[in-house]
$ cat data.csv   # CSV, C-alpha atoms and all ligand atoms
chain,number,residue,atom,x,y,z
A,1,MET,CA,14.6,-10.1,7.9
A,2,GLY,CA,15.8,-11.8,4.7
A,3,GLU,CA,18.6,-10.4,2.7
A,4,GLU,CA,17.2,-11.3,-0.7
A,5,THR,CA,16.3,-8.3,-2.9
A,6,LEU,CA,12.6,-8.4,-3.7
A,7,LEU,CA,11.9,-5.2,-5.6
A,8,VAL,CA,14.2,-2.6,-7.1
A,9,GLY,CA,13.3,0.7,-8.6
A,10,ARG,CA,15.8,2.7,-10.5
A,11,GLY,CA,15.6,6.3,-11.7
A,12,LEU,CA,11.8,6.4,-11.5
A,13,THR,CA,10.5,9.7,-12.9
A,14,LYS,CA,7.0,10.9,-13.6
A,15,ARG,CA,6.0,14.1,-15.3
A,16,TYR,CA,2.4,15.3,-15.8
A,17,GLY,CA,2.9,18.0,-18.4
A,18,GLY,CA,5.0,20.6,-16.7
A,19,VAL,CA,4.6,19.1,-13.2
A,20,THR,CA,7.4,16.8,-12.1
A,21,ALA,CA,5.7,14.5,-9.5
A,22,LEU,CA,8.7,12.2,-9.1
A,23,GLU,CA,12.3,12.7,-10.1
A,24,ASP,CA,15.0,10.0,-10.4
A,25,VAL,CA,13.8,7.9,-7.4
A,26,SER,CA,15.6,4.7,-6.7
A,27,PHE,CA,14.9,2.2,-3.9
A,28,GLU,CA,15.3,-1.4,-2.9
A,29,LEU,CA,12.9,-3.6,-1.0
A,30,ARG,CA,14.3,-6.7,0.6
A,31,ALA,CA,12.4,-10.0,1.3
A,32,GLY,CA,10.7,-9.8,4.6
A,33,GLU,CA,11.1,-6.0,4.8
A,34,VAL,CA,8.5,-3.3,5.5
A,35,LEU,CA,9.4,0.0,3.9
A,36,GLY,CA,7.6,3.2,5.1
A,37,LEU,CA,7.1,5.9,2.6
A,38,VAL,CA,6.5,9.3,4.2
A,39,GLY,CA,6.6,13.0,3.1
A,40,PRO,CA,4.3,16.0,3.1
A,41,ASN,CA,1.3,16.5,0.7
A,42,GLY,CA,2.4,16.4,-2.9
A,43,ALA,CA,5.8,14.8,-2.1
A,44,GLY,CA,5.1,12.0,-4.7
A,45,LYS,CA,4.2,9.1,-2.4
A,46,THR,CA,1.0,8.0,-4.3
A,47,THR,CA,2.8,8.6,-7.6
A,48,LEU,CA,5.5,6.1,-6.6
A,49,VAL,CA,2.9,3.6,-5.6
A,50,ASP,CA,1.1,4.2,-8.9
A,51,LEU,CA,4.3,3.6,-10.9
A,52,ILE,CA,5.1,0.4,-9.0
A,53,SER,CA,1.6,-1.0,-9.3
A,54,GLY,CA,1.2,0.1,-13.0
A,55,THR,CA,-1.7,2.4,-12.3
A,56,GLN,CA,0.4,5.1,-14.0
A,57,ALA,CA,3.1,4.7,-16.6
A,58,ALA,CA,6.5,6.0,-15.6
A,59,THR,CA,8.1,8.8,-17.7
A,60,ALA,CA,11.5,7.1,-17.1
A,61,GLY,CA,13.0,4.5,-14.9
A,62,GLU,CA,12.7,0.7,-14.4
A,63,LEU,CA,11.4,-1.8,-11.9
A,64,VAL,CA,12.8,-5.3,-11.2
A,65,LEU,CA,10.8,-7.8,-9.2
A,66,ARG,CA,12.9,-10.9,-8.1
A,67,GLY,CA,15.3,-10.4,-10.9
A,68,ALA,CA,12.7,-9.9,-13.7
A,69,GLU,CA,11.6,-6.7,-15.2
A,70,LEU,CA,8.3,-5.5,-13.9
A,71,SER,CA,6.3,-3.6,-16.5
A,72,GLY,CA,3.0,-3.5,-18.3
A,73,PRO,CA,-0.5,-3.0,-17.1
A,74,ALA,CA,-1.6,-3.3,-13.5
A,75,SER,CA,-3.3,-6.7,-14.1
A,76,ARG,CA,0.0,-8.2,-15.4
A,77,ARG,CA,1.8,-6.8,-12.3
A,78,ALA,CA,-0.9,-8.3,-10.1
A,79,ARG,CA,-0.2,-11.7,-11.5
A,80,ALA,CA,3.5,-11.1,-11.0
A,81,GLY,CA,2.8,-10.7,-7.3
A,82,LEU,CA,1.9,-7.1,-6.7
A,83,ALA,CA,-1.2,-6.0,-4.7
A,84,ARG,CA,-2.2,-2.5,-3.7
A,85,THR,CA,-4.8,-0.5,-1.8
A,86,PHE,CA,-5.9,3.0,-2.6
A,87,GLN,CA,-6.1,6.2,-0.7
A,88,TYR,CA,-9.8,6.0,-1.3
A,89,PRO,CA,-10.9,2.3,-1.0
A,90,GLN,CA,-11.9,0.9,-4.4
A,91,LEU,CA,-14.3,-2.0,-3.5
A,92,ALA,CA,-17.1,-3.2,-5.7
A,93,LEU,CA,-19.7,-1.5,-3.6
A,94,GLU,CA,-22.7,-3.5,-4.8
A,95,LEU,CA,-21.0,-6.8,-3.9
A,96,SER,CA,-20.9,-8.3,-0.5
A,97,VAL,CA,-17.8,-8.3,1.7
A,98,ARG,CA,-17.3,-12.0,1.0
A,99,GLU,CA,-17.5,-11.4,-2.8
A,100,ASN,CA,-15.0,-8.6,-2.5
A,101,LEU,CA,-12.6,-10.8,-0.6
A,102,LEU,CA,-13.1,-13.5,-3.2
A,103,LEU,CA,-12.0,-11.1,-6.0
A,104,GLY,CA,-8.7,-10.8,-4.2
A,105,ARG,CA,-8.2,-14.6,-4.2
A,106,ALA,CA,-9.0,-14.7,-7.9
A,107,ALA,CA,-7.0,-11.7,-9.1
A,108,ARG,CA,-3.6,-13.4,-8.8
A,109,ARG,CA,-4.9,-16.3,-11.0
A,110,HIS,CA,-6.5,-14.4,-13.8
A,111,ALA,CA,-5.3,-11.9,-16.3
A,112,SER,CA,-8.1,-9.4,-15.9
A,113,LEU,CA,-11.5,-8.8,-14.5
A,114,TRP,CA,-12.8,-9.7,-18.0
A,115,ARG,CA,-11.1,-13.1,-18.1
A,116,MET,CA,-12.1,-13.7,-14.5
A,117,THR,CA,-15.8,-13.0,-15.3
A,118,VAL,CA,-15.6,-15.3,-18.4
A,119,GLY,CA,-13.8,-17.9,-16.3
A,120,ALA,CA,-16.5,-17.7,-13.6
A,121,PHE,CA,-19.3,-18.2,-16.2
A,122,ALA,CA,-17.3,-21.1,-17.8
A,123,GLY,CA,-17.1,-22.8,-14.5
A,124,ALA,CA,-13.4,-22.5,-14.3
A,125,LEU,CA,-13.5,-21.0,-10.8
A,126,ARG,CA,-16.0,-23.5,-9.4
A,127,PRO,CA,-13.6,-26.2,-8.0
A,128,ARG,CA,-11.7,-23.5,-6.1
A,129,VAL,CA,-14.7,-21.6,-4.7
A,130,ALA,CA,-15.1,-23.9,-1.7
A,131,ASP,CA,-11.5,-23.5,-0.8
A,132,ASP,CA,-11.6,-19.8,-1.3
A,133,VAL,CA,-14.7,-19.4,0.9
A,134,ARG,CA,-13.0,-21.3,3.7
A,135,ALA,CA,-9.9,-19.2,3.3
A,136,ILE,CA,-11.9,-16.0,3.4
A,137,ARG,CA,-13.7,-17.0,6.6
A,138,LEU,CA,-10.3,-17.5,8.2
A,139,LEU,CA,-9.0,-14.3,6.8
A,140,ALA,CA,-12.0,-12.4,8.1
A,141,GLU,CA,-11.6,-13.9,11.6
A,142,GLU,CA,-7.9,-13.0,11.7
A,143,LEU,CA,-8.5,-9.4,10.7
A,144,GLY,CA,-11.7,-8.9,12.7
A,145,ILE,CA,-13.9,-8.4,9.7
A,146,GLU,CA,-17.5,-9.1,10.6
A,147,GLY,CA,-20.7,-9.5,8.5
A,148,LEU,CA,-19.4,-11.1,5.4
A,149,ASP,CA,-22.9,-10.9,3.8
A,150,ARG,CA,-23.1,-7.1,4.1
A,151,GLU,CA,-22.9,-5.0,1.0
A,152,ALA,CA,-19.6,-3.3,0.8
A,153,GLY,CA,-21.4,0.0,0.1
A,154,ASP,CA,-23.0,-0.2,3.5
A,155,LEU,CA,-19.6,-0.3,5.3
A,156,SER,CA,-17.9,2.7,7.0
A,157,LEU,CA,-14.8,4.0,5.5
A,158,GLY,CA,-12.6,2.3,8.1
A,159,GLU,CA,-14.4,-1.1,7.4
A,160,GLN,CA,-14.0,-0.6,3.7
A,161,ARG,CA,-10.2,0.0,4.2
A,162,LEU,CA,-9.9,-3.2,6.2
A,163,VAL,CA,-11.7,-5.2,3.6
A,164,GLU,CA,-9.6,-3.7,0.8
A,165,VAL,CA,-6.4,-4.6,2.7
A,166,GLY,CA,-7.8,-8.1,3.3
A,167,ARG,CA,-8.6,-8.5,-0.4
A,168,ALA,CA,-5.0,-7.5,-1.2
A,169,LEU,CA,-3.7,-10.0,1.4
A,170,GLY,CA,-5.9,-12.6,-0.3
A,171,GLN,CA,-3.7,-12.2,-3.4
A,172,ASP,CA,-0.8,-13.5,-1.4
A,173,PRO,CA,1.3,-10.7,-2.8
A,174,LEU,CA,5.1,-10.7,-3.0
A,175,VAL,CA,4.9,-6.9,-2.6
A,176,LEU,CA,1.9,-5.3,-0.9
A,177,LEU,CA,1.5,-1.5,-1.5
A,178,LEU,CA,-0.6,0.2,1.1
A,179,ASP,CA,-1.5,3.8,0.4
A,180,GLU,CA,-2.6,5.6,3.6
A,181,PRO,CA,-4.4,2.5,4.9
A,182,PHE,CA,-5.1,3.9,8.4
A,183,ALA,CA,-7.1,7.0,7.6
A,184,GLY,CA,-10.6,6.7,8.9
A,185,SER,CA,-9.8,3.5,10.8
A,186,ASP,CA,-10.6,2.9,14.5
A,187,ALA,CA,-8.3,1.0,16.8
A,188,GLN,CA,-9.6,-2.4,15.6
A,189,GLY,CA,-9.0,-1.4,12.0
A,190,VAL,CA,-5.5,-0.3,12.8
A,191,ALA,CA,-4.8,-3.5,14.6
A,192,GLY,CA,-6.2,-5.6,11.6
A,193,ILE,CA,-4.1,-3.7,9.1
A,194,ALA,CA,-1.0,-4.0,11.3
A,195,GLU,CA,-1.7,-7.8,11.4
A,196,VAL,CA,-1.8,-7.9,7.6
A,197,ILE,CA,1.6,-6.1,7.5
A,198,HIS,CA,3.1,-8.6,9.9
A,199,THR,CA,1.6,-11.6,8.0
A,200,VAL,CA,3.2,-10.4,4.7
A,201,ARG,CA,6.6,-9.9,6.5
A,202,ARG,CA,6.4,-13.3,8.1
A,203,ARG,CA,5.9,-14.9,4.7
A,204,GLY,CA,9.2,-13.3,3.7
A,205,HIS,CA,7.5,-10.9,1.3
A,206,GLY,CA,7.6,-7.1,1.3
A,207,VAL,CA,5.4,-4.2,2.2
A,208,ILE,CA,5.5,-0.5,1.2
A,209,LEU,CA,3.5,1.5,3.6
A,210,VAL,CA,2.5,5.1,2.8
A,211,ASP,CA,1.1,7.2,5.6
A,212,HIS,CA,1.2,10.7,7.0
A,213,ASN,CA,1.4,9.4,10.5
A,214,VAL,CA,5.2,9.2,10.7
A,215,ASP,CA,5.2,8.0,14.3
A,216,LEU,CA,2.9,5.1,13.6
A,217,VAL,CA,4.9,4.3,10.4
A,218,ALA,CA,8.1,4.3,12.4
A,219,ARG,CA,6.7,1.6,14.7
A,220,LEU,CA,5.6,-0.7,11.9
A,221,VAL,CA,8.5,-0.6,9.4
A,222,ASP,CA,12.1,-1.7,9.1
A,223,ARG,CA,13.1,1.3,7.0
A,224,ILE,CA,11.7,4.7,6.1
A,225,MET,CA,12.1,6.6,2.8
A,226,LEU,CA,11.3,10.3,3.1
A,227,LEU,CA,10.1,12.0,-0.1
A,228,ASP,CA,10.2,15.7,-0.6
A,229,ARG,CA,9.0,17.4,-3.8
A,230,GLY,CA,9.4,14.2,-5.8
A,231,ARG,CA,12.9,13.3,-4.6
A,232,VAL,CA,14.3,11.0,-1.9
A,233,ALA,CA,15.4,13.2,1.1
A,234,PHE,CA,16.2,10.3,3.4
A,235,ASP,CA,16.4,6.5,3.3
A,236,GLY,CA,17.3,4.6,6.4
A,237,GLU,CA,16.4,3.4,9.9
A,238,PRO,CA,13.1,4.8,11.3
A,239,ARG,CA,14.7,6.2,14.4
A,240,GLU,CA,17.5,7.9,12.4
A,241,CYS,CA,14.9,9.2,10.0
A,242,LEU,CA,12.8,10.8,12.8
A,243,ALA,CA,15.9,12.4,14.3
A,244,SER,CA,17.4,13.5,10.9
A,245,PRO,CA,17.8,17.1,9.9
A,246,GLN,CA,16.1,16.2,6.6
A,247,MET,CA,12.9,15.3,8.5
A,248,GLN,CA,13.0,18.6,10.3
A,249,GLN,CA,13.6,20.4,7.1
A,250,VAL,CA,10.9,18.7,5.1
A,251,TYR,CA,8.2,18.9,7.7
A,252,PHE,CA,9.1,22.2,9.5
A,253,GLY,CA,11.3,24.0,7.0
A,254,SER,CA,13.9,24.3,9.8
A,255,VAL,CA,16.5,22.1,11.4
A,256,ASP,CA,16.1,23.9,14.7
A,257,ASP,CA,12.8,22.5,15.9
A,258,PRO,CA,13.5,19.2,17.6
A,259,ASP,CA,9.9,18.2,18.3
A,260,VAL,CA,8.9,15.9,15.4
A,261,GLY,CA,7.2,13.7,18.1
A,262,SER,CA,4.5,16.3,18.9
A,263,GLU,CA,3.6,16.7,15.3
A,264,THR,CA,3.3,13.0,14.6
A,265,GLY,CA,1.6,12.5,18.0
A,266,THR,CA,-1.1,14.9,16.8
A,267,ARG,CA,-1.6,12.8,13.7
A,268,GLU,CA,-1.8,9.7,15.7
A,269,ALA,CA,-4.5,11.3,17.8
A,270,GLU,CA,-6.3,11.9,14.5
A,271,VAL,CA,-6.2,8.2,13.7
A,272,GLU,CA,-7.6,7.4,17.1
A,273,ASP,CA,-10.3,10.1,16.9
A,274,VAL,CA,-11.6,9.5,13.4
A,275,ARG,CA,-14.2,6.8,14.4
A,276,SER,CA,-16.3,5.5,11.6
A,301,LIG,N1,-2.8,13.3,-12.6
A,301,LIG,C1,-2.0,14.3,-12.2
A,301,LIG,N2,-1.9,15.4,-13.0
A,301,LIG,C2,-1.1,16.4,-12.7
A,301,LIG,N3,-0.4,16.5,-11.5
A,301,LIG,C3,-0.4,15.4,-10.7
A,301,LIG,C4,-1.3,14.3,-11.0
A,301,LIG,N4,-1.2,13.4,-10.0
A,301,LIG,C5,-0.3,14.0,-9.1
A,301,LIG,N5,0.1,15.2,-9.5
A,301,LIG,C6,1.1,16.0,-8.8
A,301,LIG,O1,2.2,15.3,-8.5
A,301,LIG,C7,2.7,15.7,-7.3
A,301,LIG,C8,2.8,14.5,-6.4
A,301,LIG,O2,1.5,14.0,-6.0
A,301,LIG,P1,1.2,12.7,-5.1
A,301,LIG,O3,-0.2,12.6,-5.1
A,301,LIG,O4,2.1,11.6,-5.6
A,301,LIG,O5,1.8,13.2,-3.7
A,301,LIG,P2,1.6,12.5,-2.3
A,301,LIG,O6,2.9,12.6,-1.6
A,301,LIG,O7,0.9,11.2,-2.5
A,301,LIG,O8,0.6,13.6,-1.6
A,301,LIG,P3,-0.7,13.3,-0.6
A,301,LIG,O9,0.0,13.0,0.7
A,301,LIG,O10,-1.4,14.6,-0.6
A,301,LIG,O11,-1.5,12.2,-1.1
A,301,LIG,C9,1.8,16.8,-6.7
A,301,LIG,O12,2.4,18.0,-7.1
A,301,LIG,C10,0.5,16.5,-7.5
A,301,LIG,O13,-0.2,17.7,-7.6
$ encode --input "data.csv" --output "structure tokens"
Amino acid sequence: MGEETLLVGRGLTKRYGGVTALEDVSFELRAGEVLGLVGPNGAGKTTLVDLISGTQAATAGELVLRGAELSGPASRRARAGLARTFQYPQLALELSVRENLLLGRAARRHASLWRMTVGAFAGALRPRVADDVRAIRLLAEELGIEGLDREAGDLSLGEQRLVEVGRALGQDPLVLLLDEPFAGSDAQGVAGIAEVIHTVRRRGHGVILVDHNVDLVARLVDRIMLLDRGRVAFDGEPRECLASPQMQQVYFGSVDDPDVGSETGTREAEVEDVRS
């Protein structure tokens, strides 16, 4: 793991009217690091991912990516090196798997879908298309994505997730934000997504992985940040996090129950069982 600081968040706060979704959250993601973000429903995990990706504007706080302020709309942040997936995959359902993956390759180069469309019509993309198509064939092989000509709308939820994660990897992100990527995935999907996480780490870039499955997260990440009601309850080594009183308190409301494993084991079984 590299020591270089990749992304810093300071004092991030988000209020929706009277609801405080996130309160004074600070964190650091180092180059080559995978940070797990866990916490019960409503803890603020998706809100944090939204604030980082620019999907939502922060009420307060700042973000710094490789020493430069990270701000503005999601498209600008994508060009700066951020890629994300959503809790509910957001593919262009009428396009093929190949075309969806191509969108990822193009997103880093173009300011917006609008400019991308104009660019495509103007022929600006043409010289790169052959390279992109080749790269996508390799990417699909690596992740176990089959049937590149299928319409995205015909895919199962798990397949859509894998394509969305593949599309995000195609952006060659400095920071990849994955919001519950395993839900609805079968074993092959989980393996493909884990491969993406390892690839980003090997490149010396960073991943923030949100998931309910604490056990699975603990096996894939270098560090875990536990959120509880919008605040950071724990930030440290996965094993220490699993054994921490904060973990017991947040998930069970008691520090006496030592059996976090059985709870997370149940969730893992859900991942295995939800075949799509
Ligand atoms: N658009 C919104 N308007 C009002 N409140 C919101 C909005 N989005 C999120 N919230 C609230 O902010 C809090 C944090 O929500 P968030 O979705 O970030 O939690 P989460 O940890 O991702 O939960 P889950 O695991 O269920 O996805 C919750 O209380 C939620 O109801």
$ residues_near_ligand --input "data.csv" --ligand "ligand LIG 301 (chain A)" --cutoff "7 Å" --atoms "only C-alpha atoms and all ligand atoms" --output "PyMOL selection string"
chain A and resi 16+19-22+39-48+212+230
$ closest_residue --input "data.csv" --among "A:Leu6, A:Leu70, A:Ile193, A:Ala57" --to "Val165 in chain A" --atoms "all atoms listed in the file"
A:Ile193
$ residues_around --input "data.csv" --residues "Glu3 in chain A" --least-positions-apart "6" --cutoff "9 Å" --atoms "all atoms listed in the file" --output "ChimeraX atom specification"
/A:30-33
$ write_last_selection --input "data.csv" --atoms "C-alpha atoms" --output "compact mmCIF listing (two decimals), in the frame of the given file"
# COMPACT_ATOMS: atom_id res chain seq x y z
CA ARG A 30 14.30 -6.70 0.60
CA ALA A 31 12.40 -10.00 1.30
CA GLY A 32 10.70 -9.80 4.60
CA GLU A 33 11.10 -6.00 4.80
$ residues_around --input "data.csv" --residues "Asp132 in chain A" --least-positions-apart "3" --cutoff "8 Å" --atoms "only C-alpha atoms" --output "list in words"
Leu102, Arg105, Arg128, Val129, Ala135 and Ile136 of chain A
$ residues_around --input "data.csv" --residues "Arg98 in chain A" --least-positions-apart "3" --cutoff "7 Å" --atoms "all atoms listed in the file" --output "PyMOL selection string"
chain A and resi 101-102+148-149
$ atom_distance --input "data.csv" --atom1 "CA of Leu138 in chain A" --atom2 "CA of Gln160 in chain A"
17.9 Å
$ atom_distance --input "data.csv" --atom1 "CA of Leu95 in chain A" --atom2 "CA of Glu151 in chain A"
5.6 Å
$ closest_atom_pairs --input "data.csv" --of "range 205-265 of chain A" --to "range 173-192 of chain A" --cutoff "10 Å" --atoms "all atoms listed in the file" --output "Markdown table"
| residue | atom | partner | partner_atom | distance |
| --- | --- | --- | --- | --- |
| A:His205 | CA | A:Leu174 | CA | 4.9 |
| A:Gly206 | CA | A:Val175 | CA | 4.7 |
| A:Val207 | CA | A:Leu176 | CA | 4.8 |
| A:Ile208 | CA | A:Leu177 | CA | 4.9 |
| A:Leu209 | CA | A:Leu178 | CA | 5.0 |
| A:Val210 | CA | A:Asp179 | CA | 4.8 |
| A:Asp211 | CA | A:Glu180 | CA | 4.5 |
| A:His212 | CA | A:Glu180 | CA | 7.2 |
| A:Asn213 | CA | A:Phe182 | CA | 8.8 |
| A:Leu216 | CA | A:Phe182 | CA | 9.6 |
$ atom_distance --input "data.csv" --atom1 "CA of Leu227 in chain A" --atom2 "CA of Arg84 in chain A"
19.4 Å
$ closest_atom_pairs --input "data.csv" --of "range 17-42 of chain A" --to "range 233-254 of chain A" --cutoff "12 Å" --atoms "all atoms listed in the file" --output "Markdown table"
| residue | atom | partner | partner_atom | distance |
| --- | --- | --- | --- | --- |
| A:Glu23 | CA | A:Ala233 | CA | 11.6 |
| A:Asp24 | CA | A:Ala233 | CA | 11.9 |
| A:Val25 | CA | A:Ala233 | CA | 10.1 |
| A:Ser26 | CA | A:Asp235 | CA | 10.2 |
| A:Phe27 | CA | A:Asp235 | CA | 8.5 |
| A:Glu28 | CA | A:Asp235 | CA | 10.1 |
| A:Leu29 | CA | A:Asp235 | CA | 11.5 |
| A:Glu33 | CA | A:Glu237 | CA | 11.9 |
| A:Val34 | CA | A:Pro238 | CA | 11.0 |
| A:Leu35 | CA | A:Gly236 | CA | 9.5 |
| A:Gly36 | CA | A:Pro238 | CA | 8.4 |
| A:Leu37 | CA | A:Asp235 | CA | 9.3 |
| A:Val38 | CA | A:Met247 | CA | 9.8 |
| A:Gly39 | CA | A:Val250 | CA | 7.4 |
| A:Pro40 | CA | A:Tyr251 | CA | 6.7 |
| A:Asn41 | CA | A:Tyr251 | CA | 10.1 |
| A:Gly42 | CA | A:Val250 | CA | 11.9 |
